[in-house]
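Source file: model-v9.txt (compact mmCIF, C-alpha atoms and all ligand atoms)
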```txt
# COMPACT_ATOMS: atom_id res chain seq x y z
CA MET A 71 21.82 63.78 -7.24
CA LEU A 72 18.03 63.63 -7.26
CA ARG A 73 17.79 66.84 -5.26
CA LEU A 74 20.00 68.69 -7.70
CA LEU A 75 17.97 67.58 -10.65
CA LEU A 76 14.56 68.38 -9.26
CA PRO A 77 14.73 72.18 -9.50
CA LEU A 78 15.95 71.88 -13.09
CA ALA A 79 13.05 69.62 -13.98
CA GLY A 80 10.74 72.09 -12.25
CA LEU A 81 12.13 74.86 -14.41
CA ALA A 82 11.60 72.83 -17.55
CA GLU A 83 7.99 72.33 -16.54
CA LEU A 84 7.56 76.04 -15.98
CA LEU A 85 8.91 76.82 -19.43
CA CYS A 86 6.51 74.38 -20.98
CA ALA A 87 3.55 75.44 -18.86
CA ALA A 88 1.73 76.73 -21.89
CA ASN A 89 1.74 73.27 -23.44
CA ILE A 90 -0.56 70.49 -22.36
CA PRO A 91 1.63 68.36 -20.10
CA ARG A 92 2.47 65.13 -21.86
CA ARG A 93 2.51 61.91 -19.90
CA THR A 94 5.88 60.28 -20.42
CA PHE A 95 7.83 57.52 -18.75
CA GLY A 96 11.31 56.41 -19.66
CA ILE A 97 14.87 55.73 -18.60
CA ASP A 98 17.52 58.42 -18.10
CA TYR A 99 20.96 56.82 -18.41
CA ASP A 100 22.69 60.01 -17.23
CA CYS A 101 20.94 60.31 -13.89
CA ASN A 102 20.66 56.51 -13.44
CA CYS A 103 16.96 56.93 -12.90
CA PHE A 104 13.55 56.64 -14.42
CA VAL A 105 11.98 59.83 -15.71
CA LYS A 106 8.26 60.40 -15.36
CA ASP A 107 6.70 63.47 -16.98
CA GLY A 108 10.19 64.92 -17.37
CA ARG A 109 11.19 64.47 -13.72
CA PRO A 110 13.46 61.91 -12.05
CA PHE A 111 11.29 59.19 -10.61
CA ARG A 112 11.88 56.27 -8.29
CA TYR A 113 9.19 53.70 -7.60
CA ILE A 114 8.38 51.65 -4.54
CA SER A 115 6.03 48.94 -5.73
CA GLY A 116 4.27 45.87 -4.37
CA SER A 117 3.11 42.65 -6.01
CA ILE A 118 -0.52 41.59 -6.09
CA HIS A 119 -1.75 38.92 -8.49
CA TYR A 120 -5.33 39.62 -9.56
CA SER A 121 -5.73 35.90 -10.27
CA ARG A 122 -5.16 35.15 -6.57
CA VAL A 123 -7.63 37.66 -5.12
CA PRO A 124 -11.38 37.58 -5.85
CA ARG A 125 -12.54 40.62 -7.83
CA TYR A 126 -14.77 41.65 -4.94
CA TYR A 127 -11.66 42.38 -2.83
CA TRP A 128 -9.46 44.08 -5.44
CA LYS A 129 -10.40 47.59 -4.39
CA ASP A 130 -9.77 46.91 -0.69
CA ARG A 131 -6.36 45.35 -1.31
CA LEU A 132 -5.27 48.11 -3.70
CA LEU A 133 -6.32 50.81 -1.24
CA LYS A 134 -4.35 49.11 1.55
CA MET A 135 -1.33 49.06 -0.78
CA LYS A 136 -1.77 52.73 -1.59
CA MET A 137 -2.04 53.55 2.11
CA ALA A 138 1.29 51.81 2.72
CA GLY A 139 2.90 54.54 0.63
CA LEU A 140 3.46 52.52 -2.54
CA ASP A 141 3.74 54.28 -5.91
CA ALA A 142 2.98 51.22 -7.97
CA ILE A 143 1.78 47.64 -8.06
CA GLN A 144 3.21 44.79 -10.04
CA THR A 145 1.11 41.96 -11.44
CA TYR A 146 1.55 38.88 -13.62
CA VAL A 147 -0.74 37.93 -16.50
CA PRO A 148 -1.23 34.13 -16.43
CA TRP A 149 -1.83 33.11 -20.05
CA ASN A 150 -3.52 29.81 -19.11
CA TYR A 151 -6.00 31.67 -16.88
CA HIS A 152 -7.29 33.61 -19.89
CA GLU A 153 -6.97 31.06 -22.70
CA THR A 154 -8.05 27.87 -20.97
CA GLN A 155 -8.88 26.30 -24.32
CA MET A 156 -6.98 27.11 -27.47
CA GLY A 157 -8.57 30.16 -29.09
CA VAL A 158 -11.18 30.70 -26.34
CA TYR A 159 -10.45 33.82 -24.30
CA ASP A 160 -11.87 34.82 -20.94
CA PHE A 161 -11.45 38.31 -19.51
CA SER A 162 -14.63 38.34 -17.42
CA GLY A 163 -15.26 38.41 -13.66
CA ASP A 164 -12.13 37.49 -11.68
CA ARG A 165 -10.24 37.50 -14.99
CA ASP A 166 -11.17 41.08 -15.86
CA LEU A 167 -7.63 42.43 -16.09
CA GLU A 168 -8.72 45.74 -17.63
CA TYR A 169 -11.06 46.44 -14.71
CA PHE A 170 -8.22 45.61 -12.31
CA LEU A 171 -5.97 48.12 -14.12
CA GLN A 172 -8.72 50.71 -13.98
CA LEU A 173 -9.12 50.20 -10.22
CA ALA A 174 -5.35 50.54 -9.71
CA SER A 175 -5.41 53.75 -11.70
CA GLU A 176 -8.39 55.13 -9.73
CA THR A 177 -6.55 54.28 -6.49
CA GLY A 178 -3.59 56.35 -7.65
CA LEU A 179 -1.25 53.42 -8.27
CA LEU A 180 0.98 52.91 -11.29
CA VAL A 181 1.26 49.41 -12.75
CA ILE A 182 4.25 47.32 -13.69
CA LEU A 183 2.84 44.61 -15.94
CA ARG A 184 4.55 41.24 -16.20
CA ALA A 185 2.94 40.01 -19.38
CA GLY A 186 4.70 36.66 -19.86
CA PRO A 187 4.22 34.54 -21.90
CA TYR A 188 5.97 32.55 -19.15
CA ILE A 189 5.51 33.97 -15.64
CA CYS A 190 6.58 31.24 -13.17
CA ALA A 191 4.77 32.80 -10.15
CA GLU A 192 4.34 29.34 -8.57
CA TRP A 193 1.33 29.19 -10.89
CA ASP A 194 0.17 26.13 -12.81
CA MET A 195 2.78 25.49 -15.53
CA GLY A 196 4.19 28.97 -14.99
CA GLY A 197 1.19 30.40 -16.84
CA LEU A 198 1.70 28.41 -20.03
CA PRO A 199 -1.47 26.63 -21.20
CA ALA A 200 -1.23 22.85 -20.91
CA TRP A 201 -2.81 22.48 -24.35
CA LEU A 202 0.50 23.60 -25.83
CA LEU A 203 1.74 20.10 -24.98
CA GLU A 204 -0.65 18.52 -27.49
CA LYS A 205 2.14 19.12 -29.98
CA GLU A 206 4.55 16.49 -28.67
CA SER A 207 7.67 17.99 -30.21
CA ILE A 208 7.05 21.47 -28.79
CA VAL A 209 9.96 23.18 -26.98
CA LEU A 210 8.41 25.64 -24.52
CA ARG A 211 10.08 29.02 -23.96
CA SER A 212 12.14 28.78 -27.14
CA SER A 213 11.93 29.89 -30.77
CA ASP A 214 10.28 26.58 -31.63
CA SER A 215 7.76 27.54 -34.32
CA ASP A 216 4.71 25.83 -32.78
CA TYR A 217 5.38 27.56 -29.48
CA LEU A 218 6.06 30.95 -31.04
CA THR A 219 2.94 30.76 -33.22
CA ALA A 220 0.80 30.24 -30.11
CA VAL A 221 2.63 33.05 -28.27
CA GLU A 222 2.13 35.45 -31.21
CA LYS A 223 -1.58 34.66 -31.31
CA TRP A 224 -2.03 35.17 -27.55
CA MET A 225 0.01 38.36 -27.47
CA GLY A 226 -2.06 39.55 -30.43
CA VAL A 227 -5.07 39.34 -28.11
CA LEU A 228 -3.52 40.52 -24.83
CA LEU A 229 -1.21 43.36 -25.85
CA PRO A 230 -3.71 45.40 -27.93
CA LYS A 231 -5.97 45.32 -24.83
CA MET A 232 -3.07 46.64 -22.73
CA LYS A 233 -2.03 49.42 -25.12
CA PRO A 234 -4.68 51.98 -24.04
CA HIS A 235 -3.60 51.37 -20.42
CA LEU A 236 0.02 52.40 -21.03
CA TYR A 237 1.06 55.50 -19.09
CA GLN A 238 1.68 57.60 -22.19
CA ASN A 239 -1.82 56.70 -23.39
CA GLY A 240 -3.46 57.87 -20.17
CA GLY A 241 -3.35 54.56 -18.27
CA PRO A 242 -1.37 53.32 -15.25
CA ILE A 243 1.14 50.93 -16.92
CA ILE A 244 4.66 52.37 -16.78
CA MET A 245 6.65 49.26 -17.66
CA VAL A 246 6.06 45.85 -19.23
CA GLN A 247 8.13 42.79 -18.38
CA VAL A 248 8.99 40.28 -21.09
CA GLU A 249 9.33 36.60 -20.02
CA ASN A 250 10.48 35.86 -16.47
CA GLU A 251 13.87 34.83 -15.09
CA TYR A 252 14.70 33.41 -18.51
CA GLY A 253 18.34 33.16 -17.47
CA SER A 254 17.35 30.31 -15.13
CA TYR A 255 15.98 28.23 -18.04
CA PHE A 256 18.15 25.73 -19.88
CA ALA A 257 17.36 26.83 -23.43
CA CYS A 258 19.28 30.16 -23.48
CA ASP A 259 17.66 31.00 -26.81
CA TYR A 260 18.39 34.62 -27.72
CA ASP A 261 16.29 34.30 -30.89
CA TYR A 262 13.30 33.61 -28.64
CA LEU A 263 13.87 36.78 -26.61
CA ARG A 264 14.41 38.73 -29.86
CA SER A 265 11.09 37.41 -31.21
CA LEU A 266 9.32 38.44 -28.01
CA LEU A 267 10.90 41.90 -28.17
CA LYS A 268 9.63 42.27 -31.73
CA ILE A 269 6.10 41.10 -30.84
CA PHE A 270 5.89 43.42 -27.81
CA ARG A 271 7.19 46.43 -29.78
CA GLN A 272 4.83 45.69 -32.66
CA HIS A 273 1.78 45.82 -30.39
CA LEU A 274 2.84 48.35 -27.75
CA GLY A 275 4.97 50.78 -29.77
CA ASP A 276 8.49 52.08 -29.24
CA GLU A 277 7.89 54.31 -26.23
CA VAL A 278 7.06 51.88 -23.43
CA VAL A 279 9.88 50.60 -21.20
CA LEU A 280 10.26 46.85 -21.72
CA PHE A 281 12.33 44.95 -19.19
CA THR A 282 13.50 41.55 -17.97
CA THR A 283 14.02 40.18 -14.46
CA ASP A 284 16.69 37.67 -13.45
CA GLY A 285 18.53 36.40 -10.42
CA ALA A 286 21.19 38.88 -9.27
CA SER A 287 24.25 37.18 -10.74
CA GLN A 288 26.11 37.35 -14.02
CA PHE A 289 25.31 33.65 -14.47
CA HIS A 290 21.56 34.35 -14.57
CA LEU A 291 21.83 37.56 -16.55
CA LYS A 292 23.89 35.85 -19.26
CA CYS A 293 20.89 34.12 -20.85
CA GLY A 294 18.15 36.32 -19.37
CA ALA A 295 19.21 39.77 -20.58
CA LEU A 296 18.94 41.07 -24.13
CA GLN A 297 19.82 44.37 -25.75
CA GLY A 298 16.62 46.40 -26.06
CA LEU A 299 15.10 44.97 -22.88
CA TYR A 300 16.15 46.77 -19.70
CA ALA A 301 17.74 44.18 -17.37
CA THR A 302 16.59 44.21 -13.73
CA VAL A 303 17.41 41.77 -10.93
CA ASP A 304 15.70 40.13 -7.97
CA PHE A 305 17.11 39.29 -4.57
CA ALA A 306 16.10 38.54 -0.99
CA PRO A 307 16.53 40.54 2.21
CA GLY A 308 19.51 39.87 4.41
CA GLY A 309 22.05 39.65 1.58
CA ASN A 310 24.65 42.02 0.19
CA VAL A 311 22.72 44.77 -1.62
CA THR A 312 25.89 46.27 -3.15
CA ALA A 313 26.92 42.93 -4.65
CA ALA A 314 23.39 42.30 -5.98
CA PHE A 315 23.21 45.65 -7.77
CA LEU A 316 26.76 45.18 -9.08
CA ALA A 317 25.39 42.12 -10.88
CA GLN A 318 22.73 44.33 -12.52
CA ARG A 319 25.50 46.76 -13.47
CA SER A 320 27.23 43.97 -15.41
CA SER A 321 24.27 44.09 -17.83
CA GLU A 322 23.25 47.72 -17.39
CA PRO A 323 26.36 49.85 -16.68
CA THR A 324 24.11 52.90 -16.27
CA GLY A 325 20.39 53.44 -15.74
CA PRO A 326 18.13 52.94 -12.70
CA LEU A 327 18.88 50.21 -10.17
CA VAL A 328 15.88 47.91 -9.90
CA ASN A 329 15.07 44.97 -7.67
CA SER A 330 11.92 43.58 -9.32
CA GLU A 331 11.34 40.93 -6.65
CA PHE A 332 12.38 41.85 -3.16
CA TYR A 333 11.02 38.98 -1.09
CA THR A 334 8.80 39.90 1.85
CA GLY A 335 8.43 36.25 2.83
CA TRP A 336 8.69 33.05 0.89
CA LEU A 337 6.59 30.47 -0.95
CA ASP A 338 5.35 27.27 0.66
CA HIS A 339 5.53 23.64 -0.41
CA TRP A 340 3.13 20.84 0.48
CA GLY A 341 4.19 19.05 3.62
CA HIS A 342 6.61 21.76 4.70
CA ARG A 343 6.17 24.37 7.37
CA HIS A 344 4.73 27.75 6.41
CA ALA A 345 7.60 30.08 5.53
CA VAL A 346 8.10 32.97 7.93
CA VAL A 347 10.59 35.81 7.40
CA PRO A 348 10.92 38.34 10.24
CA SER A 349 9.88 41.94 9.51
CA GLN A 350 13.14 43.41 10.88
CA THR A 351 15.25 41.57 8.26
CA ILE A 352 13.06 42.89 5.47
CA ALA A 353 12.80 46.41 6.87
CA LYS A 354 16.59 46.64 7.22
CA THR A 355 17.40 45.60 3.63
CA LEU A 356 14.49 47.63 2.25
CA ASN A 357 15.98 50.66 3.92
CA GLU A 358 19.40 49.90 2.34
CA ILE A 359 17.82 49.59 -1.11
CA LEU A 360 15.84 52.81 -0.79
CA ALA A 361 18.76 54.73 0.73
CA ARG A 362 20.73 54.28 -2.47
CA GLY A 363 17.89 55.57 -4.59
CA ALA A 364 17.10 52.18 -6.11
CA ASN A 365 13.68 51.09 -7.34
CA VAL A 366 12.04 48.17 -5.63
CA ASN A 367 9.07 45.88 -5.90
CA LEU A 368 8.01 44.02 -2.78
CA TYR A 369 7.16 40.46 -3.78
CA MET A 370 4.52 39.76 -2.53
CA PHE A 371 2.73 42.64 -0.91
CA ILE A 372 -0.33 40.39 -0.75
CA GLY A 373 0.00 36.79 -1.89
CA GLY A 374 -3.62 35.62 -1.82
CA THR A 375 -4.91 32.18 -2.70
CA ASN A 376 -4.33 29.55 -5.37
CA PHE A 377 -8.00 28.90 -6.07
CA ALA A 378 -9.19 25.69 -7.71
CA TYR A 379 -6.15 23.88 -9.16
CA TRP A 380 -4.04 26.88 -10.15
CA ASN A 381 -1.22 26.12 -7.74
CA GLY A 382 2.13 25.39 -9.34
CA ALA A 383 5.04 23.15 -8.42
CA ASN A 384 8.81 23.27 -8.36
CA MET A 385 11.40 20.82 -9.58
CA PRO A 386 12.27 18.32 -8.25
CA TYR A 387 8.52 17.87 -7.87
CA MET A 388 7.25 19.84 -4.89
CA SER A 389 3.77 21.32 -5.25
CA GLN A 390 2.55 24.56 -3.80
CA PRO A 391 -0.42 24.44 -1.44
CA THR A 392 -3.69 26.32 -1.90
CA SER A 393 -2.49 29.25 0.18
CA TYR A 394 -0.12 31.76 -1.39
CA ASP A 395 0.04 33.77 1.80
CA TYR A 396 3.81 34.26 1.36
CA ASP A 397 4.07 35.75 4.86
CA ALA A 398 3.43 39.02 3.00
CA PRO A 399 2.61 42.39 4.66
CA LEU A 400 -1.08 41.78 3.90
CA SER A 401 -2.13 38.27 4.85
CA GLU A 402 -3.79 35.80 2.49
CA ALA A 403 -7.13 37.21 3.66
CA GLY A 404 -5.94 40.78 3.10
CA ASP A 405 -5.54 41.48 6.82
CA LEU A 406 -3.17 44.16 8.09
CA THR A 407 -0.17 42.65 9.86
CA GLU A 408 2.68 43.82 12.03
CA LYS A 409 4.88 43.48 8.88
CA TYR A 410 2.58 45.88 7.00
CA PHE A 411 3.16 48.61 9.58
CA ALA A 412 6.90 47.87 9.89
CA LEU A 413 7.42 48.24 6.13
CA ARG A 414 5.07 51.22 5.91
CA GLU A 415 7.29 52.97 8.42
CA VAL A 416 10.39 52.41 6.23
CA ILE A 417 8.52 53.51 3.09
CA GLY A 418 7.35 56.60 4.97
CA MET A 419 10.98 57.70 5.32
CA TYR A 420 11.19 58.06 1.51
CA ASN A 421 7.63 58.60 0.27
CA GLN A 422 4.96 60.82 1.70
CA LEU A 423 2.37 58.47 3.21
CA PRO A 424 -1.17 59.27 2.02
CA GLU A 425 -3.50 60.84 4.51
CA GLY A 426 -6.68 59.12 5.56
CA LEU A 427 -7.72 55.89 7.14
CA ILE A 428 -6.23 52.55 6.31
CA PRO A 429 -9.12 50.19 5.48
CA PRO A 430 -9.53 47.95 8.51
CA THR A 431 -9.10 44.22 8.56
CA THR A 432 -12.39 42.71 7.39
CA SER A 433 -14.55 41.09 10.01
CA LYS A 434 -14.72 37.32 10.07
CA PHE A 435 -17.71 35.12 10.67
CA ALA A 436 -17.89 32.04 12.82
CA TYR A 437 -19.66 29.46 10.69
CA GLY A 438 -19.91 26.98 13.53
CA ASN A 439 -19.56 23.27 12.91
CA VAL A 440 -19.96 22.04 9.36
CA ARG A 441 -21.53 18.60 9.17
CA LEU A 442 -20.36 16.42 6.33
CA GLN A 443 -22.56 13.66 5.08
CA LYS A 444 -21.26 10.74 3.08
CA VAL A 445 -22.85 10.62 -0.37
CA GLY A 446 -21.05 7.57 -1.64
CA THR A 447 -17.72 6.29 -2.78
CA VAL A 448 -16.00 7.75 -5.83
CA VAL A 449 -17.07 4.76 -7.92
CA GLU A 450 -20.71 5.05 -6.74
CA VAL A 451 -20.98 8.67 -7.92
CA LEU A 452 -18.88 8.25 -11.05
CA ASP A 453 -21.68 9.41 -13.37
CA ARG A 454 -21.63 12.77 -11.60
CA LEU A 455 -17.86 13.03 -11.24
CA SER A 456 -17.19 12.03 -14.82
CA PRO A 457 -20.11 13.31 -16.90
CA SER A 458 -18.23 12.57 -20.12
CA GLY A 459 -18.05 8.88 -19.20
CA PRO A 460 -15.09 6.56 -19.59
CA VAL A 461 -12.49 6.50 -22.33
CA LYS A 462 -11.50 2.99 -23.34
CA SER A 463 -7.89 2.28 -24.09
CA THR A 464 -5.68 -0.78 -24.18
CA TYR A 465 -2.73 1.25 -23.00
CA PRO A 466 -2.62 3.97 -20.36
CA LEU A 467 -3.16 7.47 -21.77
CA THR A 468 -1.58 10.71 -20.65
CA PHE A 469 -3.57 13.65 -19.32
CA VAL A 470 -2.65 15.50 -22.50
CA GLN A 471 -3.99 12.73 -24.76
CA LEU A 472 -7.27 12.89 -22.84
CA LYS A 473 -7.32 16.72 -22.91
CA GLN A 474 -7.74 16.53 -19.15
CA TRP A 475 -5.57 19.51 -18.28
CA LYS A 476 -5.88 19.28 -14.54
CA ILE A 477 -7.60 17.53 -11.68
CA PHE A 478 -7.70 13.71 -11.69
CA LEU A 479 -8.08 10.58 -13.77
CA LEU A 480 -9.53 7.35 -12.43
CA LEU A 481 -8.17 4.20 -14.01
CA LEU A 482 -10.52 1.17 -13.74
CA SER A 483 -9.26 -1.93 -15.55
CA ASP A 484 -8.98 -0.57 -19.10
CA ASP A 485 -11.38 2.38 -18.69
CA VAL A 486 -10.12 5.86 -17.85
CA PHE A 487 -12.55 8.32 -16.27
CA PRO A 488 -11.63 12.01 -16.44
CA LEU A 489 -12.88 13.43 -13.15
CA THR A 490 -14.26 16.86 -12.40
CA LEU A 491 -14.03 17.14 -8.68
CA TYR A 492 -15.74 19.87 -6.72
CA GLY A 493 -16.04 19.95 -2.97
CA SER A 494 -19.77 20.60 -3.06
CA LEU A 495 -20.40 17.40 -4.96
CA LEU A 496 -18.73 15.22 -2.37
CA CYS A 497 -20.23 16.73 0.71
CA CYS A 498 -23.28 18.57 1.71
CA VAL A 499 -23.75 20.96 4.56
C1 LIG A 501 29.34 43.39 -0.32
O1 LIG A 501 29.75 43.26 -1.65
C2 LIG A 501 30.72 44.22 -2.03
C3 LIG A 501 30.91 44.08 -3.53
O2 LIG A 501 31.12 42.76 -3.92
C4 LIG A 501 31.96 44.02 -1.23
O3 LIG A 501 32.93 44.98 -1.58
C5 LIG A 501 31.64 44.13 0.25
O4 LIG A 501 32.77 43.81 1.01
C6 LIG A 501 30.49 43.19 0.62
N1 LIG A 501 30.08 43.46 1.98
C7 LIG A 501 30.01 42.52 2.89
C8 LIG A 501 29.55 42.97 4.24
O5 LIG A 501 30.26 41.35 2.67
```

Take the structure in the file and give it back as structure tokens.
Ligand SMILES: *[C@@H]1O[C@H](CO)[C@@H](O)[C@H](O)[C@H]1NC(C)=O
Amino acid sequence: MLRLLLPLAGLAELLCAANIPRRTFGIDYDCNCFVKDGRPFRYISGSIHYSRVPRYYWKDRLLKMKMAGLDAIQTYVPWNYHETQMGVYDFSGDRDLEYFLQLASETGLLVILRAGPYICAEWDMGGLPAWLLEKESIVLRSSDSDYLTAVEKWMGVLLPKMKPHLYQNGGPIIMVQVENEYGSYFACDYDYLRSLLKIFRQHLGDEVVLFTTDGASQFHLKCGALQGLYATVDFAPGGNVTAAFLAQRSSEPTGPLVNSEFYTGWLDHWGHRHAVVPSQTIAKTLNEILARGANVNLYMFIGGTNFAYWNGANMPYMSQPTSYDYDAPLSEAGDLTEKYFALREVIGMYNQLPEGLIPPTTSKFAYGNVRLQKVGTVVEVLDRLSPSGPVKSTYPLTFVQLKQWKIFLLLLSDDVFPLTLYGSLLCCV
């Protein structure tokens, strides 16, 4: 079908050659495909979270992704990473999302932006700022007015920044995801999704493709899909691809098939073994997906690191470790792996692989032995660990009541010390 359509699209371009070519991206429900600049388009994408890779390495990782034959990258925007305190926004340094988008664009990669407000991502509170909990009655991820007011305010900051980066405005962003696997959440609040749709349209305009992602079953799509948001699914290698896409067809009878999270590995939990998924399993299912002309995003292509205390947790409570390696094609450190080359080979059967050298694995240094010297016990260095001093309370206080959004509290008789704990303070080299 794609082959038949291509010459026609070529003809259309020829007829319009006198006009300045307009950058467009949309959905064609007749050809069950995306259409980019008037031509049928299928993307092979990979996930990279800018919040899990230091800015210094962004360019290297993006280039390695490009060299694997990818058309696009997919990234989440963690709200709590940018608005750590209510009304205080940070888009600098490692949080410079616009610079990240610019680098992707310069590398020749399109961007699929997963803007939240909720992202999951095994990220602290799924990207929602903990300060939302100061309002005790708040119902997160619902049309609760306190929650929606905060969402509107944040999106009023984020989305206008994203607008110039939309594909039709000259940038790399072809699609924007609203919420994340909402069908897996108990609330099933369609008014909430409708409010998000309205907010996103208000800031981004009518042209951009907005979409949702849910587990590949009618059960998940029931509360996760909404008219006006293109419904996509996610599923793992090794399963029944036909059955998974049939689930998407229950929500989208026509239009492009999309797996927004095709798992290249799996997440880890504290105390469990590192997840490992063999390359052959992934390569085989990836080939099945691509052979039917479907769109796919490899989650993750590079996992990276949960720096500081940004790791999330699952329910029942199981926290993620610092590493978000994910057994992805590029390791946590961005190193090329056997999986990278195995998947690149499959991608190369459908996309033309770029010419040129793949950036090599970065050299590592041997730091030798690191000598740790005891400075004192926690109580002995309390004035340095808890510069704000103790809070006195007859009854125990919650982290929220103390505005201590992460890290630790030390309870000594009826004093509570909010602790700021950095490795360098406790040891010296
Ligand atoms: C995969 O799913 C389809 C649709 O549900 C079904 O017809 C087919 O038999 C399944 N294939 C296998 C190998 O189970």

- Task: Set the cut-off to 9 Å, count only C-alpha atoms and all ligand atoms, and list whatever residues fall near ligand LIG 501 (chain A) as a PyMOL selection string.
- Result: chain A and resi 309-316

- Query: Which distance in Å separates atom CA of Gly404 of chain A and atom CA of Thr355 of chain A, to one decimal?
  - Reply: 23.8 Å

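Environment of (-11.2, 33.1, 6.9): residues at most 12 Å away, judged by all atoms listed in the file, are Gly374, Thr375, Ser393, Ser401, Glu402, Ala403, Gly404, Asp405, Thr431, Thr432, Ser433, Lys434, Phe435, Ala436 and Tyr437 of chain A.
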
- Message: Residues within 9 Å of Ala220 of chain A, please, as number ranges by chain. Count all atoms listed in the file; anything in the same chain fewer than 5 positions from it doesn't count.
- Response: A: 156, 202, 215, 225

- Query: Within 9 Å of (11.4, 42.0, 5.5), in the coordinates the file gives, what residues turn up when you count all atoms listed in the file, written out as number ranges by chain?
  - Reply: A: 306-308, 332-335, 347-356, 398-399, 409, 412-413

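Using all atoms listed in the file, the shortest contact distance between Gly325 of chain A and any of A:Val346, A:Ser213, A:Thr302, A:Gly139 is found at A:Thr302.
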
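With all atoms listed in the file as the atoms that count, the minimum distance from Ser117 of chain A to the choices A:Asp259, A:Glu358, A:Glu331, A:Asp395 is reached by A:Glu331.
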
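Atom pair atom CA of Asp338 of chain A / atom CA of Ile477 of chain A: separated by 20.4 Å.
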
- Counting all atoms listed in the file, the residue among A:Met137, A:Leu180, A:Met385, A:Val123 that lies closest to Gly418 of chain A is A:Met137

- Can you work out the spacing between atom CA of Asn384 of chain A and atom CA of His339 of chain A in Å, to one decimal? 8.6 Å

- Task: Name all residues at most 12 Å from segment 166-168 of chain A (count all atoms listed in the file; drop same-chain ones fewer than 5 positions away) and give them as a ChimeraX atom specification.
- Result: /A:119-121,123-126,128,145-149,151-152,159-161,173-175,181,183,185,228-236,241-243

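Closest approach to Met195 of chain A among A:Tyr169, A:Phe281, A:Trp380, A:Tyr410: A:Trp380, based on only C-alpha atoms.
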
- Item | Using only C-alpha atoms: which of A:Thr407, A:Gln288, A:Asn329, A:Ser463 has the shortest distance to Ser115 of chain A | A:Asn329

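Between Gly253 of chain A and the candidates A:Thr282, A:Gln318, A:Thr464, A:Gln471, the tightest atom-to-atom separation, counting all atoms listed in the file, involves A:Thr282.
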